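Next comes model10.cif, a file with mmCIF, C-alpha atoms and all ligand atoms.
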```
data_run
#
loop_
_atom_site.group_PDB
_atom_site.id
_atom_site.type_symbol
_atom_site.label_atom_id
_atom_site.label_comp_id
_atom_site.auth_asym_id
_atom_site.auth_seq_id
_atom_site.Cartn_x
_atom_site.Cartn_y
_atom_site.Cartn_z
ATOM 1 C CA MET C 1 -15.383 -16.118 -12.624
ATOM 2 C CA ARG C 2 -11.853 -15.770 -13.970
ATOM 3 C CA GLY C 3 -10.202 -18.761 -15.615
ATOM 4 C CA CYS C 4 -7.093 -20.544 -14.350
ATOM 5 C CA GLU C 5 -4.755 -18.862 -16.844
ATOM 6 C CA GLU C 6 -5.914 -15.391 -15.865
ATOM 7 C CA VAL C 7 -5.732 -16.199 -12.149
ATOM 8 C CA ARG C 8 -2.208 -17.605 -12.457
ATOM 9 C CA GLU C 9 -1.021 -14.347 -13.975
ATOM 10 C CA LEU C 10 -2.368 -12.506 -10.917
ATOM 11 C CA ILE C 11 -0.944 -14.848 -8.266
ATOM 12 C CA PRO C 12 2.380 -12.973 -7.800
ATOM 13 C CA TRP C 13 0.469 -9.779 -7.047
ATOM 14 C CA TYR C 14 -2.121 -11.626 -4.972
ATOM 15 C CA VAL C 15 0.429 -13.086 -2.571
ATOM 16 C CA GLU C 16 2.027 -9.653 -2.221
ATOM 17 C CA GLY C 17 -1.356 -8.058 -1.489
ATOM 18 C CA ASN C 18 -0.976 -5.770 -4.490
ATOM 19 C CA LEU C 19 -4.241 -6.418 -6.300
ATOM 20 C CA ALA C 20 -7.210 -4.107 -6.407
ATOM 21 C CA THR C 21 -9.997 -5.267 -4.084
ATOM 22 C CA GLU C 22 -12.144 -6.690 -6.872
ATOM 23 C CA GLU C 23 -9.266 -8.600 -8.482
ATOM 24 C CA GLY C 24 -8.144 -9.970 -5.125
ATOM 25 C CA ALA C 25 -11.696 -11.128 -4.411
ATOM 26 C CA ASP C 26 -11.850 -12.799 -7.835
ATOM 27 C CA VAL C 27 -8.613 -14.680 -7.153
ATOM 28 C CA ALA C 28 -9.793 -15.689 -3.664
ATOM 29 C CA THR C 29 -13.087 -16.970 -5.082
ATOM 30 C CA HIS C 30 -11.270 -18.905 -7.791
ATOM 31 C CA ILE C 31 -8.728 -20.571 -5.492
ATOM 32 C CA GLY C 32 -11.560 -21.511 -3.163
ATOM 33 C CA ALA C 33 -12.897 -23.718 -5.950
ATOM 34 C CA CYS C 34 -9.723 -24.699 -7.841
ATOM 35 C CA ALA C 35 -7.185 -26.991 -6.207
ATOM 36 C CA ASP C 36 -4.602 -26.412 -8.967
ATOM 37 C CA CYS C 37 -4.531 -22.644 -8.507
ATOM 38 C CA LEU C 38 -4.638 -23.015 -4.719
ATOM 39 C CA HIS C 39 -1.541 -25.204 -5.047
ATOM 40 C CA ASP C 40 0.127 -22.445 -7.101
ATOM 41 C CA VAL C 41 -0.741 -19.846 -4.460
ATOM 42 C CA ALA C 42 0.764 -22.064 -1.765
ATOM 43 C CA ALA C 43 3.917 -22.510 -3.865
ATOM 44 C CA ALA C 44 4.140 -18.743 -4.448
ATOM 45 C CA LEU C 45 3.813 -18.117 -0.709
ATOM 46 C CA ARG C 46 6.632 -20.589 -0.010
ATOM 47 C CA VAL C 47 8.875 -18.834 -2.581
ATOM 48 C CA ARG C 48 7.952 -15.464 -1.092
ATOM 49 C CA ALA C 49 8.907 -16.651 2.408
ATOM 50 C CA SER C 50 12.202 -18.088 1.125
ATOM 51 C CA VAL C 51 13.081 -14.868 -0.704
ATOM 52 C CA ARG C 52 12.303 -12.771 2.355
ATOM 53 C CA ALA C 53 14.441 -15.022 4.520
ATOM 54 C CA ALA C 54 17.314 -14.883 2.009
ATOM 55 C CA PHE C 55 17.176 -11.087 1.734
ATOM 56 C CA SER C 56 16.975 -10.614 5.493
ATOM 57 C CA ALA C 57 20.117 -12.725 5.870
ATOM 58 C CA LEU C 58 22.143 -10.473 3.528
ATOM 59 C CA PRO C 59 24.644 -8.146 5.175
ATOM 60 C CA LEU C 60 23.829 -4.453 4.963
ATOM 61 C CA VAL C 61 25.798 -2.419 2.430
ATOM 62 C CA SER C 62 26.884 1.031 3.558
ATOM 63 C CA GLU C 63 25.689 4.082 1.595
ATOM 64 C CA GLU C 64 29.315 4.959 0.792
ATOM 65 C CA MET C 65 29.971 1.499 -0.632
ATOM 66 C CA TRP C 66 26.733 1.592 -2.633
ATOM 67 C CA GLU C 67 27.610 5.012 -4.117
ATOM 68 C CA ARG C 68 31.111 3.878 -5.062
ATOM 69 C CA VAL C 69 29.904 0.702 -6.728
ATOM 70 C CA SER C 70 27.071 2.567 -8.479
ATOM 71 C CA ARG C 71 29.500 5.063 -10.027
ATOM 72 C CA GLN C 72 31.795 2.316 -11.276
ATOM 73 C CA ALA C 73 28.941 0.188 -12.549
ATOM 74 C CA LEU C 74 27.126 2.880 -14.510
ATOM 75 C CA GLY C 75 26.118 1.485 -17.878
ATOM 76 C CA ARG C 76 27.652 -1.932 -17.310
ATOM 77 C CA ARG C 77 25.895 -5.231 -17.067
ATOM 78 C CA LEU C 78 26.861 -6.421 -13.622
ATOM 79 C CA VAL C 79 24.998 -9.608 -13.283
ATOM 80 C CA GLN C 80 22.808 -11.861 -15.294
ATOM 81 C CA LEU C 81 20.145 -13.711 -13.382
ATOM 82 C CA ASP C 82 17.888 -16.387 -14.684
ATOM 83 C CA VAL C 83 14.975 -16.292 -12.325
ATOM 84 C CA GLY C 84 12.283 -18.917 -12.423
ATOM 85 C CA SER C 85 9.947 -16.912 -10.247
ATOM 86 C CA PHE C 86 8.351 -13.603 -11.023
ATOM 87 C CA ILE C 87 8.191 -12.870 -7.301
ATOM 88 C CA VAL C 88 11.965 -13.029 -6.956
ATOM 89 C CA GLY C 89 12.397 -10.611 -9.855
ATOM 90 C CA PHE C 90 9.659 -8.341 -8.595
ATOM 91 C CA ARG C 91 11.133 -8.077 -5.107
ATOM 92 C CA LEU C 92 14.655 -7.569 -6.432
ATOM 93 C CA GLY C 93 13.417 -4.843 -8.791
ATOM 94 C CA ALA C 94 11.471 -3.108 -6.033
ATOM 95 C CA TRP C 95 14.511 -3.152 -3.775
ATOM 96 C CA LEU C 96 16.792 -1.729 -6.485
ATOM 97 C CA THR C 97 14.285 0.987 -7.400
ATOM 98 C CA ARG C 98 13.982 2.128 -3.797
ATOM 99 C CA ARG C 99 17.712 2.826 -3.703
ATOM 100 C CA GLY C 100 17.201 5.845 -5.988
ATOM 101 C CA ASN C 101 20.493 5.271 -7.814
ATOM 102 C CA PRO C 102 20.852 4.814 -11.570
ATOM 103 C CA VAL C 103 20.026 1.204 -12.207
ATOM 104 C CA ARG C 104 19.201 -0.761 -15.265
ATOM 105 C CA ALA C 105 17.805 -4.204 -14.739
ATOM 106 C CA ASP C 106 16.670 -6.621 -17.370
ATOM 107 C CA LEU C 107 15.390 -9.946 -16.306
ATOM 108 C CA ARG C 108 15.252 -13.175 -18.211
ATOM 109 C CA LEU C 109 12.116 -14.589 -16.701
ATOM 110 C CA LEU C 110 10.677 -17.945 -17.628
ATOM 111 C CA GLY C 111 12.538 -17.746 -20.936
ATOM 112 C CA ARG C 112 11.444 -14.198 -21.786
ATOM 113 C CA GLU C 113 13.427 -10.957 -21.608
ATOM 114 C CA VAL C 114 11.735 -8.501 -19.259
ATOM 115 C CA HIS C 115 12.950 -4.897 -19.052
ATOM 116 C CA LEU C 116 12.487 -4.379 -15.369
ATOM 117 C CA ILE C 117 14.073 -1.034 -14.570
ATOM 118 C CA ASN C 118 15.878 1.711 -16.427
ATOM 119 C CA ARG C 119 16.343 4.343 -13.787
ATOM 120 C CA ARG C 120 18.680 7.181 -14.582
ATOM 121 C CA LYS C 121 20.327 9.494 -12.094
ATOM 122 C CA GLY C 122 17.803 11.959 -10.761
ATOM 123 C CA GLY C 123 14.909 9.551 -10.567
ATOM 124 C CA GLY C 124 13.801 9.311 -14.196
ATOM 125 C CA SER C 125 12.836 5.883 -15.336
ATOM 126 C CA SER C 126 11.511 4.277 -18.431
HETATM 127 ZN ZN ZN T 201 -7.675 -22.484 -11.394
#
```
Please, can you express the file's structure as structure tokens?
Amino acid sequence: MRGCEEVRELIPWYVEGNLATEEGADVATHIGACADCLHDVAAALRVRASVRAAFSALPLVSEEMWERVSRQALGRRLVQLDVGSFIVGFRLGAWLTRRGNPVRADLRLLGREVHLINRRKGGGSS
């Protein structure tokens, strides 16, 4: 059985349903026997629901507006976010990546710098 520390690292992926079957089963087994980790899963699910609600309330940006802003923003740091939840950063990064435009996103997450995305025009990323 996985330990608490290992399970906690997997919780963001677990609540998103992004773990391999065996890993997901390991997390489920662990939280069935560990109240602390179960509490963390519940908290992660609440954050996930809040983020989804917040994103669904955002107004849609037209493709033309997105293209114009993307061209002007190329290579500039537009925003600096301090995010206390990996899930928020993960969802934001996934949303930006899906746009297919050149995007660079670094995230300061729980006090650490995380290079989230470096997507250049044409779909290359590193
Ligand atoms: Zn635990």
Within-8 Å residues of ligand ZN 201 (chain T), basis all atoms listed in the file, as a ChimeraX atom specification: /C:3-5,7-8,30-31,33-38
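With only C-alpha atoms as the basis for measurement, C:Ile11 is the residue among C:Ile11, C:Leu19, C:Leu60, C:Met65 that approaches Ala43 in chain C most closely.
CA of Leu45 in chain C to CA of Leu10 in chain C spans 13.2 Å [interatomic distance, one decimal].
Here CA of Glu22 in chain C is placed at a distance of 22.7 Å from CA of Arg48 in chain C.
For the pair CA of Trp13 in chain C and CA of Leu58 in chain C, the separation is 24.1 Å.
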Might I get the box with edges along x, y and z of the file that holds all atoms of range 41-54 of chain C listed there, padded by 4 Å on every side, given as centre and edge lengths in Å to one decimal, as AutoDock Vina command-line options?
```
--center_x 8.3 --center_y -17.6 --center_z 0.0 --size_x 26.1 --size_y 17.7 --size_z 17.0
```
